[in-house]
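What's in input.pdb: PDB, N, CA and C atoms
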```pdb
ATOM      1  N   MET A   1     105.753  92.127  79.744
ATOM      2  CA  MET A   1     105.225  93.387  79.272
ATOM      3  C   MET A   1     104.148  93.831  80.240
ATOM      4  N   VAL A   2     104.293  95.016  80.780
ATOM      5  CA  VAL A   2     103.338  95.571  81.731
ATOM      6  C   VAL A   2     102.661  96.772  81.083
ATOM      7  N   ASP A   3     101.331  96.758  81.043
ATOM      8  CA  ASP A   3     100.587  97.895  80.497
ATOM      9  C   ASP A   3      99.156  97.863  81.029
ATOM     10  N   ASP A   4      98.545  99.044  81.166
ATOM     11  CA  ASP A   4      97.153  99.107  81.618
ATOM     12  C   ASP A   4      96.181  99.085  80.440
ATOM     13  N   LYS A   5      96.684  98.858  79.231
ATOM     14  CA  LYS A   5      95.837  98.782  78.047
ATOM     15  C   LYS A   5      95.873  97.341  77.508
ATOM     16  N   LEU A   6      94.747  96.652  77.656
ATOM     17  CA  LEU A   6      94.681  95.265  77.209
ATOM     18  C   LEU A   6      94.909  95.134  75.709
ATOM     19  N   ARG A   7      94.545  96.155  74.933
ATOM     20  CA  ARG A   7      94.743  96.068  73.480
ATOM     21  C   ARG A   7      96.226  95.966  73.135
ATOM     22  N   ILE A   8      97.052  96.676  73.885
ATOM     23  CA  ILE A   8      98.497  96.608  73.649
ATOM     24  C   ILE A   8      99.043  95.252  74.082
ATOM     25  N   LEU A   9      98.593  94.774  75.242
ATOM     26  CA  LEU A   9      99.044  93.462  75.718
ATOM     27  C   LEU A   9      98.627  92.359  74.748
ATOM     28  N   ALA A  10      97.395  92.444  74.235
ATOM     29  CA  ALA A  10      96.913  91.428  73.293
ATOM     30  C   ALA A  10      97.720  91.453  71.996
ATOM     31  N   ALA A  11      98.033  92.640  71.496
ATOM     32  CA  ALA A  11      98.815  92.743  70.266
ATOM     33  C   ALA A  11     100.218  92.184  70.458
ATOM     34  N   MET A  12     100.826  92.496  71.587
ATOM     35  CA  MET A  12     102.171  91.979  71.877
ATOM     36  C   MET A  12     102.147  90.462  72.018
ATOM     37  N   LYS A  13     101.136  89.940  72.709
ATOM     38  CA  LYS A  13     101.030  88.492  72.919
ATOM     39  C   LYS A  13     100.822  87.764  71.590
ATOM     40  N   GLU A  14     100.073  88.392  70.696
ATOM     41  CA  GLU A  14      99.834  87.781  69.389
ATOM     42  C   GLU A  14     101.144  87.605  68.625
ATOM     43  N   ILE A  15     102.023  88.561  68.758
ATOM     44  CA  ILE A  15     103.309  88.500  68.057
ATOM     45  C   ILE A  15     104.291  87.574  68.778
ATOM     46  N   TRP A  16     104.423  87.721  70.086
ATOM     47  CA  TRP A  16     105.435  87.000  70.855
ATOM     48  C   TRP A  16     104.970  85.652  71.385
ATOM     49  N   GLY A  17     103.676  85.447  71.495
ATOM     50  CA  GLY A  17     103.147  84.170  71.978
ATOM     51  C   GLY A  17     103.616  83.844  73.393
ATOM     52  N   ASP A  18     103.985  82.587  73.625
ATOM     53  CA  ASP A  18     104.384  82.129  74.956
ATOM     54  C   ASP A  18     105.734  82.671  75.409
ATOM     55  N   ARG A  19     106.440  83.342  74.526
ATOM     56  CA  ARG A  19     107.725  83.930  74.921
ATOM     57  C   ARG A  19     107.532  85.210  75.737
ATOM     58  N   LEU A  20     106.291  85.701  75.813
ATOM     59  CA  LEU A  20     105.990  86.946  76.503
ATOM     60  C   LEU A  20     105.002  86.691  77.627
ATOM     61  N   THR A  21     105.271  87.269  78.782
ATOM     62  CA  THR A  21     104.326  87.242  79.897
ATOM     63  C   THR A  21     103.708  88.632  80.000
ATOM     64  N   THR A  22     102.387  88.696  79.919
ATOM     65  CA  THR A  22     101.699  89.977  79.973
ATOM     66  C   THR A  22     101.170  90.229  81.382
ATOM     67  N   VAL A  23     101.309  91.464  81.829
ATOM     68  CA  VAL A  23     100.876  91.865  83.172
ATOM     69  C   VAL A  23      99.973  93.084  83.033
ATOM     70  N   PHE A  24      98.792  92.991  83.622
ATOM     71  CA  PHE A  24      97.775  94.031  83.534
ATOM     72  C   PHE A  24      97.537  94.651  84.901
ATOM     73  N   PRO A  25      98.091  95.837  85.160
ATOM     74  CA  PRO A  25      97.785  96.522  86.415
ATOM     75  C   PRO A  25      96.431  97.222  86.282
ATOM     76  N   ARG A  26      95.521  96.922  87.192
ATOM     77  CA  ARG A  26      94.174  97.493  87.133
ATOM     78  C   ARG A  26      94.159  98.875  87.776
ATOM     79  N   GLN A  27      94.866  99.796  87.150
ATOM     80  CA  GLN A  27      94.846 101.175  87.611
ATOM     81  C   GLN A  27      94.760 102.062  86.380
ATOM     82  N   GLY A  28      94.191 103.220  86.539
ATOM     83  CA  GLY A  28      94.004 104.114  85.404
ATOM     84  C   GLY A  28      92.662 103.873  84.739
ATOM     85  N   HIS A  29      92.258 104.813  83.915
ATOM     86  CA  HIS A  29      90.922 104.706  83.329
ATOM     87  C   HIS A  29      90.791 103.600  82.297
ATOM     88  N   TYR A  30      91.844 103.231  81.605
ATOM     89  CA  TYR A  30      91.769 102.119  80.654
ATOM     90  C   TYR A  30      91.534 100.798  81.373
ATOM     91  N   ALA A  31      92.077 100.661  82.545
ATOM     92  CA  ALA A  31      92.004  99.399  83.278
ATOM     93  C   ALA A  31      90.616  99.105  83.828
ATOM     94  N   HIS A  32      89.745 100.099  83.854
ATOM     95  CA  HIS A  32      88.397  99.895  84.397
ATOM     96  C   HIS A  32      87.309 100.135  83.355
ATOM     97  N   ASP A  33      87.687 100.293  82.103
ATOM     98  CA  ASP A  33      86.732 100.525  81.026
ATOM     99  C   ASP A  33      86.089  99.197  80.630
ATOM    100  N   PRO A  34      84.781  99.031  80.889
ATOM    101  CA  PRO A  34      84.125  97.748  80.597
ATOM    102  C   PRO A  34      84.244  97.323  79.133
ATOM    103  N   LYS A  35      84.229  98.271  78.212
ATOM    104  CA  LYS A  35      84.353  97.924  76.786
ATOM    105  C   LYS A  35      85.710  97.295  76.497
ATOM    106  N   ASN A  36      86.757  97.856  77.068
ATOM    107  CA  ASN A  36      88.095  97.294  76.864
ATOM    108  C   ASN A  36      88.237  95.939  77.535
ATOM    109  N   LEU A  37      87.664  95.789  78.711
ATOM    110  CA  LEU A  37      87.779  94.521  79.438
ATOM    111  C   LEU A  37      87.110  93.382  78.678
ATOM    112  N   CYS A  38      86.033  93.689  77.957
ATOM    113  CA  CYS A  38      85.318  92.651  77.199
ATOM    114  C   CYS A  38      85.910  92.410  75.813
ATOM    115  N   ALA A  39      86.578  93.394  75.275
ATOM    116  CA  ALA A  39      87.031  93.327  73.885
ATOM    117  C   ALA A  39      88.324  92.540  73.681
ATOM    118  N   TYR A  40      89.107  92.363  74.732
ATOM    119  CA  TYR A  40      90.430  91.753  74.587
ATOM    120  C   TYR A  40      90.608  90.598  75.560
ATOM    121  N   PRO A  41      91.486  89.656  75.231
ATOM    122  CA  PRO A  41      91.741  88.532  76.149
ATOM    123  C   PRO A  41      92.427  89.008  77.427
ATOM    124  N   GLU A  42      92.277  88.219  78.473
ATOM    125  CA  GLU A  42      92.915  88.535  79.749
ATOM    126  C   GLU A  42      94.429  88.448  79.622
ATOM    127  N   ALA A  43      95.104  89.213  80.453
ATOM    128  CA  ALA A  43      96.560  89.133  80.518
ATOM    129  C   ALA A  43      96.951  87.872  81.291
ATOM    130  N   ASP A  44      98.225  87.509  81.210
ATOM    131  CA  ASP A  44      98.716  86.348  81.957
ATOM    132  C   ASP A  44      98.615  86.576  83.459
ATOM    133  N   LEU A  45      98.816  87.814  83.870
ATOM    134  CA  LEU A  45      98.762  88.166  85.287
ATOM    135  C   LEU A  45      98.078  89.514  85.426
ATOM    136  N   THR A  46      97.172  89.615  86.399
ATOM    137  CA  THR A  46      96.513  90.881  86.709
ATOM    138  C   THR A  46      96.842  91.250  88.140
ATOM    139  N   VAL A  47      97.251  92.491  88.343
ATOM    140  CA  VAL A  47      97.520  93.009  89.688
ATOM    141  C   VAL A  47      96.688  94.273  89.867
ATOM    142  N   GLU A  48      96.375  94.604  91.101
ATOM    143  CA  GLU A  48      95.567  95.794  91.358
ATOM    144  C   GLU A  48      96.352  97.079  91.113
ATOM    145  N   ARG A  49      97.603  97.082  91.494
ATOM    146  CA  ARG A  49      98.457  98.265  91.332
ATOM    147  C   ARG A  49      99.809  97.825  90.796
ATOM    148  N   ILE A  50     100.440  98.684  90.047
ATOM    149  CA  ILE A  50     101.743  98.341  89.491
ATOM    150  C   ILE A  50     102.756  98.070  90.600
ATOM    151  N   GLY A  51     102.582  98.736  91.739
ATOM    152  CA  GLY A  51     103.472  98.514  92.878
ATOM    153  C   GLY A  51     103.395  97.106  93.438
ATOM    154  N   ASP A  52     102.297  96.383  93.144
ATOM    155  CA  ASP A  52     102.160  95.007  93.611
ATOM    156  C   ASP A  52     103.209  94.086  92.992
ATOM    157  N   LEU A  53     103.809  94.514  91.897
ATOM    158  CA  LEU A  53     104.836  93.688  91.249
ATOM    159  C   LEU A  53     106.086  93.558  92.108
ATOM    160  N   VAL A  54     106.275  94.486  93.020
ATOM    161  CA  VAL A  54     107.445  94.433  93.902
ATOM    162  C   VAL A  54     107.419  93.159  94.743
ATOM    163  N   THR A  55     106.236  92.717  95.115
ATOM    164  CA  THR A  55     106.120  91.538  95.968
ATOM    165  C   THR A  55     105.813  90.258  95.189
ATOM    166  N   CYS A  56     105.753  90.340  93.858
ATOM    167  CA  CYS A  56     105.498  89.143  93.047
ATOM    168  C   CYS A  56     106.706  88.215  93.074
ATOM    169  N   ASP A  57     106.437  86.936  93.103
ATOM    170  CA  ASP A  57     107.484  85.930  93.008
ATOM    171  C   ASP A  57     107.796  85.724  91.524
ATOM    172  N   LEU A  58     108.873  86.331  91.058
ATOM    173  CA  LEU A  58     109.214  86.290  89.642
ATOM    174  C   LEU A  58     109.410  84.865  89.139
ATOM    175  N   ALA A  59     110.040  84.023  89.917
ATOM    176  CA  ALA A  59     110.257  82.631  89.503
ATOM    177  C   ALA A  59     108.923  81.912  89.303
ATOM    178  N   ALA A  60     107.975  82.139  90.203
ATOM    179  CA  ALA A  60     106.657  81.506  90.074
ATOM    180  C   ALA A  60     105.912  82.073  88.867
ATOM    181  N   LEU A  61     106.052  83.361  88.648
ATOM    182  CA  LEU A  61     105.391  84.011  87.521
ATOM    183  C   LEU A  61     105.893  83.453  86.197
ATOM    184  N   LEU A  62     107.181  83.265  86.089
ATOM    185  CA  LEU A  62     107.771  82.773  84.842
ATOM    186  C   LEU A  62     107.759  81.260  84.736
ATOM    187  N   GLY A  63     107.400  80.582  85.812
ATOM    188  CA  GLY A  63     107.359  79.129  85.784
ATOM    189  C   GLY A  63     108.750  78.542  85.668
ATOM    190  N   THR A  64     108.883  77.501  84.901
ATOM    191  CA  THR A  64     110.171  76.828  84.765
ATOM    192  C   THR A  64     110.862  77.179  83.462
ATOM    193  N   ARG A  65     110.562  78.345  82.913
ATOM    194  CA  ARG A  65     111.212  78.740  81.667
ATOM    195  C   ARG A  65     112.716  78.899  81.880
ATOM    196  N   THR A  66     113.444  78.255  81.035
ATOM    197  CA  THR A  66     114.900  78.391  81.085
ATOM    198  C   THR A  66     115.410  78.557  79.668
ATOM    199  N   THR A  67     116.539  79.155  79.560
ATOM    200  CA  THR A  67     117.190  79.293  78.265
ATOM    201  C   THR A  67     118.400  78.370  78.251
ATOM    202  N   LYS A  68     118.423  77.473  77.284
ATOM    203  CA  LYS A  68     119.530  76.533  77.180
ATOM    204  C   LYS A  68     120.523  77.067  76.168
ATOM    205  N   ARG A  69     121.741  77.194  76.607
ATOM    206  CA  ARG A  69     122.794  77.682  75.712
ATOM    207  C   ARG A  69     123.791  76.575  75.452
ATOM    208  N   SER A  70     124.290  76.536  74.224
ATOM    209  CA  SER A  70     125.271  75.504  73.914
ATOM    210  C   SER A  70     126.669  76.036  73.938
TER     211      SER A  70
END
```
What is this structure when it is put down as structure tokens?
Amino acid sequence: MVDDKLRILAAMKEIWGDRLTTVFPRQGHYAHDPKNLCAYPEADLTVERIGDLVTCDLAALLGTRTTKRS
């Protein structure tokens, strides 16, 4: 889940837990609001710009999560 609003990321993480990876792009006015930054937990990953996700190593970001099917 990618969003510049930590309140949304925190709410989603509360529901989905470890099944969700939260990404916080530090762009836009919500991303630099000191009140919001202090009020909510950090995202799993913070990037300066949403475009930085293009160069992210998705496998490293997700770790060794695998889905086992029978």
* Restricting the calculation to all atoms listed in the file, which member of A:Ile50, A:Cys56, A:Ala10, A:Val2 is positioned closest to A:Val23? ->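 Smallest separation from A:Val23 among the options: A:Val2.
Nearest to A:His29 of all the residues A:Asp44, A:Gly17, A:Leu53, A:Asp4 is A:Asp4, based on all atoms listed in the file.
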* To do: Run the PyMOL selection byres ((chain A and resi 48) around 6.5) mentally over the shown coordinates, then write out the matched residues as an MDAnalysis selection string, using the chain letters and numbers from the document.
  => chainID A and resid 24:27 46:47 49:52
* Calculate how many Å separate atom N of A:Cys38 from atom C of A:Leu61, rounding to one decimal. => 23.8 Å
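When atom CA of A:Pro34 is paired with atom CA of A:Leu6, their separation reads 11.4 Å.
Taking atom CA of A:Ala11 as the reference point, atom CA of A:Asn36 is found at 13.4 Å.
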* Could you tell me which residues the PyMOL selection byres (((chain A and resi 41 and name CA) around 9) and name CA) returns for this structure, as a list in words? => Leu6, Arg7, Leu9, Ala10, Leu37, Cys38, Ala39, Tyr40, Glu42 and Ala43 of chain A
* Apply DSSP to the structure's backbone, then extract all residues of stretch 2-32 of chain A labelled alpha helix (DSSP H) and return them as a list in words. => Leu6, Arg7, Ile8, Leu9, Ala10, Ala11, Met12, Lys13, Glu14, Ile15 and Trp16 of chain A
* Asked: Please, which residues of chain A, numbered as in this document, come out strand (DSSP E or B) from DSSP, as a PyMOL selection string?
  -> chain A and resi 2+23-25+45-47
Selection above as a file: N, CA and C atoms, as a PDB file, keeping the file's coordinate frame:
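File written: part_34.pdb
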```pdb
ATOM      1  N   VAL A   2     104.293  95.016  80.780  1.00  0.00           N
ATOM      2  CA  VAL A   2     103.338  95.571  81.731  1.00  0.00           C
ATOM      3  C   VAL A   2     102.661  96.772  81.083  1.00  0.00           C
ATOM      4  N   VAL A  23     101.309  91.464  81.829  1.00  0.00           N
ATOM      5  CA  VAL A  23     100.876  91.865  83.172  1.00  0.00           C
ATOM      6  C   VAL A  23      99.973  93.084  83.033  1.00  0.00           C
ATOM      7  N   PHE A  24      98.792  92.991  83.622  1.00  0.00           N
ATOM      8  CA  PHE A  24      97.775  94.031  83.534  1.00  0.00           C
ATOM      9  C   PHE A  24      97.537  94.651  84.901  1.00  0.00           C
ATOM     10  N   PRO A  25      98.091  95.837  85.160  1.00  0.00           N
ATOM     11  CA  PRO A  25      97.785  96.522  86.415  1.00  0.00           C
ATOM     12  C   PRO A  25      96.431  97.222  86.282  1.00  0.00           C
ATOM     13  N   LEU A  45      98.816  87.814  83.870  1.00  0.00           N
ATOM     14  CA  LEU A  45      98.762  88.166  85.287  1.00  0.00           C
ATOM     15  C   LEU A  45      98.078  89.514  85.426  1.00  0.00           C
ATOM     16  N   THR A  46      97.172  89.615  86.399  1.00  0.00           N
ATOM     17  CA  THR A  46      96.513  90.881  86.709  1.00  0.00           C
ATOM     18  C   THR A  46      96.842  91.250  88.140  1.00  0.00           C
ATOM     19  N   VAL A  47      97.251  92.491  88.343  1.00  0.00           N
ATOM     20  CA  VAL A  47      97.520  93.009  89.688  1.00  0.00           C
ATOM     21  C   VAL A  47      96.688  94.273  89.867  1.00  0.00           C
TER      22      VAL A  47
END
```
* Quick one: residues within 10 Å of A:Leu20, only C-alpha atoms counted, chain neighbours fewer than 5 positions away excluded, as a list of chain:residue names? ->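 After dropping sequence-adjacent residues, the list is A:Met1, A:Leu9, A:Met12, A:Lys13, A:Glu14, A:Ile15, A:Asp44, A:Leu62.
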How would stretch 12-23 of chain A look with all heavy atoms restored, written as an mmCIF file, in the frame of the given file?
```
data_model
loop_
_atom_site.group_PDB
_atom_site.id
_atom_site.type_symbol
_atom_site.label_atom_id
_atom_site.label_comp_id
_atom_site.auth_asym_id
_atom_site.auth_seq_id
_atom_site.Cartn_x
_atom_site.Cartn_y
_atom_site.Cartn_z
ATOM 1 N N MET A 12 100.826 92.496 71.587
ATOM 2 C CA MET A 12 102.171 91.979 71.877
ATOM 3 C C MET A 12 102.147 90.462 72.018
ATOM 4 O O MET A 12 103.025 89.768 71.525
ATOM 5 C CB MET A 12 102.723 92.613 73.153
ATOM 6 C CG MET A 12 102.936 94.102 73.076
ATOM 7 S SD MET A 12 104.361 94.563 72.096
ATOM 8 C CE MET A 12 105.679 93.904 73.091
ATOM 9 N N LYS A 13 101.136 89.940 72.709
ATOM 10 C CA LYS A 13 101.030 88.492 72.919
ATOM 11 C C LYS A 13 100.822 87.764 71.590
ATOM 12 O O LYS A 13 101.352 86.673 71.389
ATOM 13 C CB LYS A 13 99.881 88.196 73.895
ATOM 14 C CG LYS A 13 99.829 86.786 74.389
ATOM 15 C CD LYS A 13 100.986 86.499 75.309
ATOM 16 C CE LYS A 13 100.754 85.206 76.054
ATOM 17 N NZ LYS A 13 101.765 84.965 77.063
ATOM 18 N N GLU A 14 100.073 88.392 70.696
ATOM 19 C CA GLU A 14 99.834 87.781 69.389
ATOM 20 C C GLU A 14 101.144 87.605 68.625
ATOM 21 O O GLU A 14 101.361 86.604 67.947
ATOM 22 C CB GLU A 14 98.865 88.648 68.575
ATOM 23 C CG GLU A 14 98.447 88.017 67.282
ATOM 24 C CD GLU A 14 97.389 88.822 66.559
ATOM 25 O OE1 GLU A 14 96.504 89.378 67.226
ATOM 26 O OE2 GLU A 14 97.468 88.887 65.318
ATOM 27 N N ILE A 15 102.023 88.561 68.758
ATOM 28 C CA ILE A 15 103.309 88.500 68.057
ATOM 29 C C ILE A 15 104.291 87.574 68.778
ATOM 30 O O ILE A 15 104.927 86.731 68.159
ATOM 31 C CB ILE A 15 103.915 89.918 67.923
ATOM 32 C CG1 ILE A 15 103.036 90.767 67.002
ATOM 33 C CG2 ILE A 15 105.345 89.854 67.414
ATOM 34 C CD1 ILE A 15 103.348 92.239 67.027
ATOM 35 N N TRP A 16 104.423 87.721 70.086
ATOM 36 C CA TRP A 16 105.435 87.000 70.855
ATOM 37 C C TRP A 16 104.970 85.652 71.385
ATOM 38 O O TRP A 16 105.793 84.808 71.746
ATOM 39 C CB TRP A 16 105.914 87.866 72.020
ATOM 40 C CG TRP A 16 106.805 88.973 71.589
ATOM 41 C CD1 TRP A 16 106.427 90.212 71.168
ATOM 42 C CD2 TRP A 16 108.217 88.943 71.503
ATOM 43 N NE1 TRP A 16 107.528 90.957 70.845
ATOM 44 C CE2 TRP A 16 108.649 90.193 71.041
ATOM 45 C CE3 TRP A 16 109.169 87.972 71.790
ATOM 46 C CZ2 TRP A 16 109.979 90.503 70.854
ATOM 47 C CZ3 TRP A 16 110.501 88.290 71.604
ATOM 48 C CH2 TRP A 16 110.885 89.541 71.132
ATOM 49 N N GLY A 17 103.676 85.447 71.495
ATOM 50 C CA GLY A 17 103.147 84.170 71.978
ATOM 51 C C GLY A 17 103.616 83.844 73.393
ATOM 52 O O GLY A 17 103.681 84.719 74.257
ATOM 53 N N ASP A 18 103.985 82.587 73.625
ATOM 54 C CA ASP A 18 104.384 82.129 74.956
ATOM 55 C C ASP A 18 105.734 82.671 75.409
ATOM 56 O O ASP A 18 106.111 82.491 76.556
ATOM 57 C CB ASP A 18 104.427 80.596 74.997
ATOM 58 C CG ASP A 18 103.035 80.001 74.936
ATOM 59 O OD1 ASP A 18 102.065 80.714 75.282
ATOM 60 O OD2 ASP A 18 102.913 78.835 74.550
ATOM 61 N N ARG A 19 106.440 83.342 74.526
ATOM 62 C CA ARG A 19 107.725 83.930 74.921
ATOM 63 C C ARG A 19 107.532 85.210 75.737
ATOM 64 O O ARG A 19 108.488 85.733 76.295
ATOM 65 C CB ARG A 19 108.574 84.241 73.687
ATOM 66 C CG ARG A 19 108.976 82.992 72.924
ATOM 67 C CD ARG A 19 109.723 83.338 71.672
ATOM 68 N NE ARG A 19 108.773 84.011 70.759
ATOM 69 C CZ ARG A 19 109.125 84.681 69.678
ATOM 70 N NH1 ARG A 19 110.395 84.806 69.357
ATOM 71 N NH2 ARG A 19 108.226 85.235 68.911
ATOM 72 N N LEU A 20 106.291 85.701 75.813
ATOM 73 C CA LEU A 20 105.990 86.946 76.503
ATOM 74 C C LEU A 20 105.002 86.691 77.627
ATOM 75 O O LEU A 20 104.012 85.981 77.451
ATOM 76 C CB LEU A 20 105.380 87.950 75.519
ATOM 77 C CG LEU A 20 104.969 89.289 76.092
ATOM 78 C CD1 LEU A 20 106.203 90.138 76.371
ATOM 79 C CD2 LEU A 20 104.051 90.014 75.129
ATOM 80 N N THR A 21 105.271 87.269 78.782
ATOM 81 C CA THR A 21 104.326 87.242 79.897
ATOM 82 C C THR A 21 103.708 88.632 80.000
ATOM 83 O O THR A 21 104.430 89.624 80.109
ATOM 84 C CB THR A 21 105.038 86.886 81.215
ATOM 85 O OG1 THR A 21 105.618 85.583 81.077
ATOM 86 C CG2 THR A 21 104.066 86.892 82.385
ATOM 87 N N THR A 22 102.387 88.696 79.919
ATOM 88 C CA THR A 22 101.699 89.977 79.973
ATOM 89 C C THR A 22 101.170 90.229 81.382
ATOM 90 O O THR A 22 100.675 89.309 82.038
ATOM 91 C CB THR A 22 100.536 90.027 78.970
ATOM 92 O OG1 THR A 22 99.651 88.936 79.203
ATOM 93 C CG2 THR A 22 101.056 89.963 77.537
ATOM 94 N N VAL A 23 101.309 91.464 81.829
ATOM 95 C CA VAL A 23 100.876 91.865 83.172
ATOM 96 C C VAL A 23 99.973 93.084 83.033
ATOM 97 O O VAL A 23 100.349 94.086 82.414
ATOM 98 C CB VAL A 23 102.082 92.193 84.079
ATOM 99 C CG1 VAL A 23 101.607 92.595 85.462
ATOM 100 C CG2 VAL A 23 103.034 91.004 84.154
#
```
